[in-house]
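Shown next, in structure tokens, is the structure this report addresses.
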2 protein chains.
Amino acid sequence: MITKINGGVCAAKGFTAGGIHCGIRKNRTKRDLALIASEVEAAAAGVYTQNLVKGAPILVTKENIANGYARAIVCNSGNANTCNANGIEIAKQMCTVTASALGIDPTDIIVGSTGVIGQPLSIEPIEAHMAELAASLTADGSAYAAEAIMTTDTKMKEVAYSFTVGGKECHIGGIGKGSGMIHPNMATMLVFVTTDCAISPAMLQKALSEDVKTSFNMVSIDGDTSTNDTVAVLANGMAGNAEITAEGADFDAFCEALGAVTREICRMIAGDGEGATKLLTCKLDGGKTDEIARTVAKSVICSSLTKAAMFGADANWGRILCAIGYSGADVDVTKIDVSFASKAGEILVCKNGAGVDFSEEKAKEILTESEIDILVSLNDGDKTAVAWGCDLTYDYVKINGDYRT
Amino acid sequence: MITKINGGVCAAKGFTAGGIHCGIRKNRTKRDLALIASEVEAAAAGVYTQNLVKGAPILVTKENIANGYARAIVCNSGNANTCNANGIEIAKQMCTVTASALGIDPTDIIVGSTGVIGQPLSIEPIEAHMAELAASLTADGSAYAAEAIMTTDTKMKEVAYSFTVGGKECHIGGIGKGSGMIHPNMATMLVFVTTDCAISPAMLQKALSEDVKTSFNMVSIDGDTSTNDTVAVLANGMAGNAEITAEGADFDAFCEALGAVTREICRMIAGDGEGATKLLTCKLDGGKTDEIARTVAKSVICSSLTKAAMFGADANWGRILCAIGYSGADVDVTKIDVSFASKAGEILVCKNGAGVDFSEEKAKEILTESEIDILVSLNDGDKTAVAWGCDLTYDYVKINGDYRT
């Protein structure tokens with residue numbers, strides 16, 4: 001049994017966090033440097049973008065947690081430190097500067113950057129303000145860190161749960177940021193999760209790698225897989241449970257709690273997609289295989305035409321059939337049913353691949369809500385999938401037509 | 001040597017065309033039914049959408065030209081006749097009605113429909129006005145047909161060339177329509193091409209199937225592969241050349257002329273994408289294989305973030321690197337150069353995968369033009385590719401947020 005709690009990445013014992021404005025961004029009221037630290041060494045796991053163009057921080061992080069452990073996470077916004085000739089060097093300097101302030105080893109740092117690609121990142125503001133940031137670390141600083149990693153996000157994203165492993169109360173919490181260039185493949189945007197549950201690095205990585213298949217890999221804002229996607233988890237063991245080193249009930253309990261955190265962040269990221277006014281959730285059942293179920297659900301969520309129709313509250317279900325048809329999955333289109341649902345009700349619009357009579361007025365009412373479920377039944381098996389996305393709006397174009405200036 | 005001429009689908013000898021308002025659309029000033037006819041039996045070839053959800057007209061057309069010959073093309077706009085229980089029946093009735101008016105066999109008809117998916121198409125307005133349409137066929141009616149197949153297109157698309165095969169002057173011309181749900185895979189939207197060149201059905205199909213790989217399959221407006229994409233060619237042999245029945249100089253001459261028509265229609269369709277203000281052409285060189293070159297060029301053109309940046313005349317080349325990186329193609333990102341070009345000049349923005357100093361002012365000037373070339377050098381081989389797309393604008397969202405009403 002898991003229970004929602006407060007505290008974000010500081011909900012777990014032994015974790016502190018903070019976020020300040022160090023000057024990477026011009027806007028002095030926007031925090032741009034986040035730090036999360038564990039009192040003790042923590043098992044570490046990460047998943048990263050599959051984009052061949054990888055942000056320098058990812059390369060450094062991979063190296064640093066290759067031994068399965070880390071102590072802190074440092075991350076800036078305002079600059080992705082990607083496609084820069086000196087990227088690796090700067091990412092390593094971020095580790096050195098952070099480690100020095102915390103009195104730990106530079107190879108125990110997970111480093112992240114998010115923002116514009118291809119503009120050199122100066123270490124100066126980071127170096128100049130690291131002592132201040134380290135001094136500001138507190139057990140209620142999760143929100144500051146969450147704010148400091150935001151780019152075009154309009155809402156801060158943090159969540160935490162308590163759960164029980166081997167009779168011990170454990171805690172897990174995370175922060176995340178979207179909100180454009182979001183079409184994760186293997187990992188996503190930036191999400192940092194902390195837990196005091198004791199779990200070995202290998203099992204932590206296994207839990208995370210499995211989780212992202214049905215969490216972050218099922219989110220899409222705009223089909224653009226970022227160069228810097230990273231999900232990292234630190235588990236410091238301070239809950240005092242017997243370390244999880246194999247599959248079993250304890251591992252399952254941990255995975256359930258991890259999934260609760262990641263799925264909630266998925267919803268937050270999708271609902272706060274660039275320019276979005278609506279969270280779209282495609283809930284699919286009746287798939288022949290998991291792969292087919294996921295491919296179809298994600299194709300629906302990715303369709304620009306479907307996204308634009310949802311923005312307009314237009315029950316144009318033909319676009320959903322179209323997106324299913326080009327998904328590449330092997331489906332029988334003559335068996336497909338589609339409904340729309342929201343808190344205003346549910347309405348069937350397509351049965352066996354063809355339209356049915358429905359009330360346009362009722363459909364409009366359902367689609368005018370801010371959280372829309374697109375229910376797809378393939379009627380071809382028993383596999384299910386959920387994918388999260390958002391509508392395509394004028395503001396997405398506005399934000400991305402002039403992002404750098 | 002090929003020469004641009006007037007006449008569209010009527011440029012070739014023995015072809016007439018027409019287009020009228022029959023009443024499928026409410027707007028009485030918009031033509032919605034097109035007809036193209038050949039005086040004599042013509043070799044016929046087609047390529048179609050790879051979407052599993054296929055418009056009923058495609059299924060009927062495939063059957064009708066399975067023998068390699070056809071005489072006429074009928075096509076309506078305003079309704080896609082797709083995902084309707086009686087779709088096949090209606091598509092066949094369109095053939096019967098047309099054949100009866102022309103005094104030809106119903107199985108000699110290529111039938112097409114474009115518009116909203118999932119709303120039953122009534123045969124009544126088509127039947128009621130077919131005699132009028134057949135009577136209106138003229139050798140200068142190409143523009144009427146081109147207009148009648150338009151949906152959200154803002155510009156009519158027709159083109160024609162003359163060329164020489166075996167000493168005989170031949171003609172080839174086409175009409176096409178976009179302009180949303182355009183991400184062809186195997187074929188595209190609706191494009192009808194006519195020629196008086198004598199060529200066997202098998203060689204005509206071969207020429208067309210080869211051509212679309214580097215023409216329509218390299219166009220994307222919005223990543224949504226339509227259910228009704230069709231490119232059909234009719235070759236009636238009235239130019240009097242010795243029939244092309246094998247590869248060789250004559251076949252090459254025909255392919256060159258076909259390519260001139262299809263590439264020009266590609267540019268027209270991309271430049272007139274829904275809401276588009278700019279034609280984007282990604283010209284790629286230095287690819288290791290044709291497949292890599294095409295995959296990368298198309299990925300650049302498909303990126304929502306790149307498209308939005310081009311709308312904003314923002315030289316945000318990091319998004320282009322990002323799109324190359326997630327394309328799935330095997331490239332060395334440290335070798336990639338990127339430039340932007342237009343009639344206002346050319347500017348290098350990325351060298352060896354990293355940014356170079358460039359004048360933002362000059363870049364803005366280049367990107368403010370209505371036709372932008374994105375030049376990508378992979379520096380990893382000698383293969384080239386060209387892909388066509390358009391910017392992502394407020395109007396794309398507007399058009400698709402409320403298409404049905």
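Quick note on naming: the chains in the structure tokens go A, B, ... in the order shown, residues restart at 1 in each chain, and ligands are numbered from 1 in order of appearance.
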Write down, as a PDB file with N, CA and C atoms, in the first residue's frame, each residue of chain B that has any atom within 8 Å of an atom of chain A, counting only C-alpha atoms.
ATOM      1  N   GLN B  50       0.284   3.608 -47.303  1.00  0.00           N
ATOM      2  CA  GLN B  50       0.576   2.369 -46.586  1.00  0.00           C
ATOM      3  C   GLN B  50      -0.176   2.328 -45.264  1.00  0.00           C
ATOM      4  N   ASN B  51      -1.042   3.336 -45.046  1.00  0.00           N
ATOM      5  CA  ASN B  51      -1.871   3.317 -43.854  1.00  0.00           C
ATOM      6  C   ASN B  51      -2.769   2.067 -43.912  1.00  0.00           C
ATOM      7  N   LEU B  52      -2.873   1.352 -42.783  1.00  0.00           N
ATOM      8  CA  LEU B  52      -3.726   0.155 -42.763  1.00  0.00           C
ATOM      9  C   LEU B  52      -5.187   0.535 -42.953  1.00  0.00           C
ATOM     10  N   VAL B  53      -5.532   1.737 -42.516  1.00  0.00           N
ATOM     11  CA  VAL B  53      -6.874   2.242 -42.775  1.00  0.00           C
ATOM     12  C   VAL B  53      -6.835   2.861 -44.165  1.00  0.00           C
ATOM     13  N   CYS B  83     -13.658   4.723 -43.794  1.00  0.00           N
ATOM     14  CA  CYS B  83     -14.256   4.320 -42.508  1.00  0.00           C
ATOM     15  C   CYS B  83     -15.770   4.424 -42.556  1.00  0.00           C
ATOM     16  N   ASN B  84     -16.335   4.167 -43.714  1.00  0.00           N
ATOM     17  CA  ASN B  84     -17.794   4.111 -43.838  1.00  0.00           C
ATOM     18  C   ASN B  84     -18.184   2.673 -44.190  1.00  0.00           C
ATOM     19  N   ALA B  85     -19.236   2.195 -43.562  1.00  0.00           N
ATOM     20  CA  ALA B  85     -19.656   0.812 -43.783  1.00  0.00           C
ATOM     21  C   ALA B  85     -19.958   0.553 -45.260  1.00  0.00           C
ATOM     22  N   VAL B 116     -13.302  14.765 -45.243  1.00  0.00           N
ATOM     23  CA  VAL B 116     -13.482  14.245 -43.890  1.00  0.00           C
ATOM     24  C   VAL B 116     -13.612  12.725 -43.912  1.00  0.00           C
ATOM     25  N   ILE B 117     -13.008  12.091 -42.922  1.00  0.00           N
ATOM     26  CA  ILE B 117     -13.103  10.643 -42.753  1.00  0.00           C
ATOM     27  C   ILE B 117     -14.328  10.317 -41.905  1.00  0.00           C
ATOM     28  N   GLY B 118     -15.016   9.233 -42.288  1.00  0.00           N
ATOM     29  CA  GLY B 118     -16.029   8.691 -41.390  1.00  0.00           C
ATOM     30  C   GLY B 118     -17.404   9.308 -41.506  1.00  0.00           C
ATOM     31  N   GLN B 119     -17.663  10.046 -42.575  1.00  0.00           N
ATOM     32  CA  GLN B 119     -19.021  10.521 -42.794  1.00  0.00           C
ATOM     33  C   GLN B 119     -19.513   9.907 -44.094  1.00  0.00           C
ATOM     34  N   MET B 181      -2.578  16.208 -43.299  1.00  0.00           N
ATOM     35  CA  MET B 181      -2.481  14.750 -43.226  1.00  0.00           C
ATOM     36  C   MET B 181      -1.512  14.263 -44.296  1.00  0.00           C
ATOM     37  N   ASP B 222       2.797  17.229 -41.872  1.00  0.00           N
ATOM     38  CA  ASP B 222       2.485  17.122 -40.453  1.00  0.00           C
ATOM     39  C   ASP B 222       2.698  15.736 -39.864  1.00  0.00           C
ATOM     40  N   GLY B 223       3.365  14.858 -40.595  1.00  0.00           N
ATOM     41  CA  GLY B 223       3.660  13.546 -40.012  1.00  0.00           C
ATOM     42  C   GLY B 223       2.492  12.584 -40.021  1.00  0.00           C
ATOM     43  N   ASP B 224       1.335  13.036 -40.488  1.00  0.00           N
ATOM     44  CA  ASP B 224       0.181  12.154 -40.498  1.00  0.00           C
ATOM     45  C   ASP B 224      -0.010  11.539 -41.885  1.00  0.00           C
ATOM     46  N   THR B 225       0.238  10.233 -41.989  1.00  0.00           N
ATOM     47  CA  THR B 225       0.074   9.544 -43.264  1.00  0.00           C
ATOM     48  C   THR B 225      -1.402   9.328 -43.533  1.00  0.00           C
ATOM     49  N   SER B 226      -1.906   9.932 -44.577  1.00  0.00           N
ATOM     50  CA  SER B 226      -3.332   9.879 -44.877  1.00  0.00           C
ATOM     51  C   SER B 226      -3.813   8.472 -45.202  1.00  0.00           C
ATOM     52  N   THR B 227      -5.111   8.311 -45.089  1.00  0.00           N
ATOM     53  CA  THR B 227      -5.737   7.036 -45.444  1.00  0.00           C
ATOM     54  C   THR B 227      -6.018   6.944 -46.937  1.00  0.00           C
ATOM     55  N   SER B 303      10.465  17.640 -38.134  1.00  0.00           N
ATOM     56  CA  SER B 303      10.574  18.091 -36.746  1.00  0.00           C
ATOM     57  C   SER B 303       9.672  19.297 -36.473  1.00  0.00           C
ATOM     58  N   SER B 304       8.740  19.126 -35.557  1.00  0.00           N
ATOM     59  CA  SER B 304       7.834  20.231 -35.206  1.00  0.00           C
ATOM     60  C   SER B 304       8.621  21.430 -34.707  1.00  0.00           C
ATOM     61  N   LEU B 305       9.663  21.179 -33.941  1.00  0.00           N
ATOM     62  CA  LEU B 305      10.444  22.280 -33.378  1.00  0.00           C
ATOM     63  C   LEU B 305      11.196  23.036 -34.469  1.00  0.00           C
ATOM     64  N   ALA B 308       8.614  25.068 -36.395  1.00  0.00           N
ATOM     65  CA  ALA B 308       8.182  26.270 -35.666  1.00  0.00           C
ATOM     66  C   ALA B 308       9.293  27.324 -35.673  1.00  0.00           C
ATOM     67  N   ALA B 309      10.545  26.880 -35.560  1.00  0.00           N
ATOM     68  CA  ALA B 309      11.665  27.831 -35.596  1.00  0.00           C
ATOM     69  C   ALA B 309      11.724  28.537 -36.954  1.00  0.00           C
ATOM     70  N   MET B 310      11.468  27.797 -38.019  1.00  0.00           N
ATOM     71  CA  MET B 310      11.501  28.393 -39.356  1.00  0.00           C
ATOM     72  C   MET B 310      10.358  29.407 -39.506  1.00  0.00           C
ATOM     73  N   PHE B 311       9.213  29.098 -38.921  1.00  0.00           N
ATOM     74  CA  PHE B 311       8.096  30.052 -38.913  1.00  0.00           C
ATOM     75  C   PHE B 311       8.561  31.359 -38.274  1.00  0.00           C
ATOM     76  N   GLY B 312       9.310  31.240 -37.188  1.00  0.00           N
ATOM     77  CA  GLY B 312       9.783  32.416 -36.470  1.00  0.00           C
ATOM     78  C   GLY B 312      11.085  32.990 -37.019  1.00  0.00           C
ATOM     79  N   ALA B 313      11.569  32.454 -38.162  1.00  0.00           N
ATOM     80  CA  ALA B 313      12.832  32.908 -38.756  1.00  0.00           C
ATOM     81  C   ALA B 313      13.953  32.871 -37.717  1.00  0.00           C
ATOM     82  N   ASP B 314      13.941  31.819 -36.901  1.00  0.00           N
ATOM     83  CA  ASP B 314      14.906  31.673 -35.815  1.00  0.00           C
ATOM     84  C   ASP B 314      15.943  30.611 -36.217  1.00  0.00           C
ATOM     85  N   ASN B 316      17.683  28.437 -35.133  1.00  0.00           N
ATOM     86  CA  ASN B 316      17.896  27.526 -34.004  1.00  0.00           C
ATOM     87  C   ASN B 316      18.364  26.163 -34.527  1.00  0.00           C
ATOM     88  N   TRP B 317      19.606  26.110 -34.987  1.00  0.00           N
ATOM     89  CA  TRP B 317      20.134  24.926 -35.665  1.00  0.00           C
ATOM     90  C   TRP B 317      20.251  23.722 -34.738  1.00  0.00           C
ATOM     91  N   GLY B 318      20.260  23.939 -33.431  1.00  0.00           N
ATOM     92  CA  GLY B 318      20.334  22.814 -32.476  1.00  0.00           C
ATOM     93  C   GLY B 318      19.179  21.847 -32.693  1.00  0.00           C
ATOM     94  N   ARG B 319      18.043  22.400 -33.106  1.00  0.00           N
ATOM     95  CA  ARG B 319      16.874  21.541 -33.345  1.00  0.00           C
ATOM     96  C   ARG B 319      17.079  20.652 -34.570  1.00  0.00           C
ATOM     97  N   LEU B 321      20.122  19.513 -35.525  1.00  0.00           N
ATOM     98  CA  LEU B 321      21.014  18.450 -35.026  1.00  0.00           C
ATOM     99  C   LEU B 321      20.210  17.427 -34.243  1.00  0.00           C
ATOM    100  N   CYS B 322      19.300  17.922 -33.420  1.00  0.00           N
ATOM    101  CA  CYS B 322      18.455  17.042 -32.612  1.00  0.00           C
ATOM    102  C   CYS B 322      17.660  16.108 -33.519  1.00  0.00           C
ATOM    103  N   ALA B 323      17.051  16.653 -34.551  1.00  0.00           N
ATOM    104  CA  ALA B 323      16.233  15.847 -35.471  1.00  0.00           C
ATOM    105  C   ALA B 323      17.085  14.833 -36.235  1.00  0.00           C
ATOM    106  N   ILE B 324      18.308  15.205 -36.535  1.00  0.00           N
ATOM    107  CA  ILE B 324      19.217  14.260 -37.200  1.00  0.00           C
ATOM    108  C   ILE B 324      19.541  13.127 -36.235  1.00  0.00           C
ATOM    109  N   GLY B 325      19.780  13.504 -34.983  1.00  0.00           N
ATOM    110  CA  GLY B 325      20.190  12.523 -33.966  1.00  0.00           C
ATOM    111  C   GLY B 325      19.130  11.496 -33.646  1.00  0.00           C
ATOM    112  N   TYR B 326      17.847  11.892 -33.726  1.00  0.00           N
ATOM    113  CA  TYR B 326      16.806  10.911 -33.392  1.00  0.00           C
ATOM    114  C   TYR B 326      16.204  10.262 -34.628  1.00  0.00           C
ATOM    115  N   SER B 327      16.777  10.536 -35.796  1.00  0.00           N
ATOM    116  CA  SER B 327      16.195  10.013 -37.037  1.00  0.00           C
ATOM    117  C   SER B 327      16.265   8.491 -37.125  1.00  0.00           C
ATOM    118  N   VAL B 331      24.624   7.981 -38.212  1.00  0.00           N
ATOM    119  CA  VAL B 331      25.455   9.106 -38.659  1.00  0.00           C
ATOM    120  C   VAL B 331      26.476   9.444 -37.584  1.00  0.00           C
ATOM    121  N   VAL B 333      27.727  12.314 -35.649  1.00  0.00           N
ATOM    122  CA  VAL B 333      27.250  13.669 -35.391  1.00  0.00           C
ATOM    123  C   VAL B 333      28.387  14.691 -35.310  1.00  0.00           C
ATOM    124  N   GLY B 353      29.339  19.409 -36.104  1.00  0.00           N
ATOM    125  CA  GLY B 353      28.408  19.135 -35.007  1.00  0.00           C
ATOM    126  C   GLY B 353      28.387  20.159 -33.896  1.00  0.00           C
ATOM    127  N   ALA B 354      29.128  21.248 -34.062  1.00  0.00           N
ATOM    128  CA  ALA B 354      29.134  22.290 -33.025  1.00  0.00           C
ATOM    129  C   ALA B 354      28.870  23.654 -33.662  1.00  0.00           C
ATOM    130  N   GLY B 355      28.389  24.576 -32.874  1.00  0.00           N
ATOM    131  CA  GLY B 355      28.038  25.896 -33.374  1.00  0.00           C
ATOM    132  C   GLY B 355      29.241  26.685 -33.844  1.00  0.00           C
ATOM    133  N   LEU B 392       5.560  25.354 -39.317  1.00  0.00           N
ATOM    134  CA  LEU B 392       4.400  25.071 -38.460  1.00  0.00           C
ATOM    135  C   LEU B 392       3.905  26.406 -37.927  1.00  0.00           C
ATOM    136  N   THR B 393       2.657  26.700 -38.195  1.00  0.00           N
ATOM    137  CA  THR B 393       2.162  28.053 -37.918  1.00  0.00           C
ATOM    138  C   THR B 393       0.866  28.029 -37.109  1.00  0.00           C
ATOM    139  N   TYR B 394       0.490  29.207 -36.657  1.00  0.00           N
ATOM    140  CA  TYR B 394      -0.792  29.341 -35.960  1.00  0.00           C
ATOM    141  C   TYR B 394      -1.930  28.805 -36.827  1.00  0.00           C
ATOM    142  N   VAL B 397      -2.745  25.129 -36.754  1.00  0.00           N
ATOM    143  CA  VAL B 397      -3.545  24.787 -35.573  1.00  0.00           C
ATOM    144  C   VAL B 397      -4.993  25.218 -35.779  1.00  0.00           C
ATOM    145  N   LYS B 398      -5.161  26.403 -36.331  1.00  0.00           N
ATOM    146  CA  LYS B 398      -6.506  26.929 -36.532  1.00  0.00           C
ATOM    147  C   LYS B 398      -7.301  26.040 -37.499  1.00  0.00           C
ATOM    148  N   ASN B 400      -6.828  22.969 -38.263  1.00  0.00           N
ATOM    149  CA  ASN B 400      -7.079  21.609 -37.789  1.00  0.00           C
ATOM    150  C   ASN B 400      -7.776  21.528 -36.449  1.00  0.00           C
ATOM    151  N   GLY B 401      -7.887  22.663 -35.783  1.00  0.00           N
ATOM    152  CA  GLY B 401      -8.637  22.680 -34.534  1.00  0.00           C
ATOM    153  C   GLY B 401     -10.131  22.643 -34.809  1.00  0.00           C
ATOM    154  N   ASP B 402     -10.502  22.961 -35.999  1.00  0.00           N
ATOM    155  CA  ASP B 402     -11.926  22.996 -36.286  1.00  0.00           C
ATOM    156  C   ASP B 402     -12.197  22.741 -37.758  1.00  0.00           C
ATOM    157  N   TYR B 403     -11.699  21.612 -38.264  1.00  0.00           N
ATOM    158  CA  TYR B 403     -11.770  21.294 -39.685  1.00  0.00           C
ATOM    159  C   TYR B 403     -13.168  20.903 -40.136  1.00  0.00           C
ATOM    160  N   ARG B 404     -13.871  20.193 -39.247  1.00  0.00           N
ATOM    161  CA  ARG B 404     -15.140  19.639 -39.699  1.00  0.00           C
ATOM    162  C   ARG B 404     -16.272  20.637 -39.729  1.00  0.00           C
TER     163      ARG B 404
END
Requested in this report: Within stretch 59-271 of chain A, find each residue whose DSSP state, derived from the backbone, is alpha helix (DSSP H), and express the selection as a PyMOL selection string.
Outcome: chain A and resi 59-64+87-102+124-135+142-148+201-214+249-271
Report task. Return as a list in words the full set of residues in stretch 233-337 of chain B whose backbone-based DSSP assignment is strand (DSSP E or B). Result ->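 Put together, the selection reads Val233, Leu234, Ala235, Ile244, Leu279, Leu280, Thr281, Cys282, Lys283, Leu284, Asp285, Gly286, Gly287 and Asp337 of chain B.
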Just the selected residues (C-alpha atoms), exported as a PDB file, in the first residue's frame, please.
ATOM      1  CA  VAL B 233      -0.654   7.858 -63.948  1.00  0.00           C
ATOM      2  CA  LEU B 234      -2.418   7.281 -67.232  1.00  0.00           C
ATOM      3  CA  ALA B 235      -0.333   6.840 -70.427  1.00  0.00           C
ATOM      4  CA  ILE B 244       8.508   1.622 -74.014  1.00  0.00           C
ATOM      5  CA  LEU B 279       8.490  26.070 -48.215  1.00  0.00           C
ATOM      6  CA  LEU B 280      11.332  24.240 -46.481  1.00  0.00           C
ATOM      7  CA  THR B 281      13.681  22.118 -48.566  1.00  0.00           C
ATOM      8  CA  CYS B 282      16.282  20.007 -46.804  1.00  0.00           C
ATOM      9  CA  LYS B 283      19.131  19.349 -49.229  1.00  0.00           C
ATOM     10  CA  LEU B 284      21.430  16.740 -47.853  1.00  0.00           C
ATOM     11  CA  ASP B 285      24.781  15.497 -49.094  1.00  0.00           C
ATOM     12  CA  GLY B 286      27.612  13.318 -47.828  1.00  0.00           C
ATOM     13  CA  GLY B 287      25.394  10.409 -46.806  1.00  0.00           C
ATOM     14  CA  ASP B 337      27.694  20.792 -41.064  1.00  0.00           C
TER      15      ASP B 337
END
Report task. Could you tell me how far atom CA of B:Cys22 lies from atom CA of B:Val97, in Å and to one decimal? Result ->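 Computed distance, atom CA of B:Cys22 to atom CA of B:Val97, equals 13.5 Å.
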Query - Straight-line distance linking atom CA of B:Lys335 with atom CA of B:Val376, stated in Å to one decimal - result: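 One can read the atom CA of B:Lys335 to atom CA of B:Val376 distance as 10.5 Å.
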Query raised in the report: With distances taken over only C-alpha atoms, which of A:Ala66, A:Glu41, A:Lys13, A:Thr61 is nearest to A:Cys197?
Result: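 Counting only C-alpha atoms, the residue closest to A:Cys197 is A:Lys13.
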Query raised in the report: Could you name the residues that touch A:Lys168 at 10 Å or less, counting only C-alpha atoms, but leaving out those on the same chain fewer than 2 positions away, as a ChimeraX atom specification?
Result: /A:163-166,170-171,197,239-242
Report task. Would you list the contacts of A:Thr289 as a PyMOL selection string, taking every protein, DNA or RNA residue within 10 Å and counting only C-alpha atoms, but skipping same-chain residues closer than 6 positions in sequence? Result -> chain A and resi 295+329-330+380-385
Query - Selected residue, from A:Lys62, A:Lys155, A:Lys288, A:Lys4, that lies nearest to A:Gly46 when counting only C-alpha atoms - result: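 Smallest distance to A:Gly46 is found for A:Lys62.
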**Report entry** One-decimal distance in Å that lies between atom CA of A:Thr195 and atom CA of A:Ile73
**Finding:**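 That distance, rounded to one decimal, is 13.5 Å.
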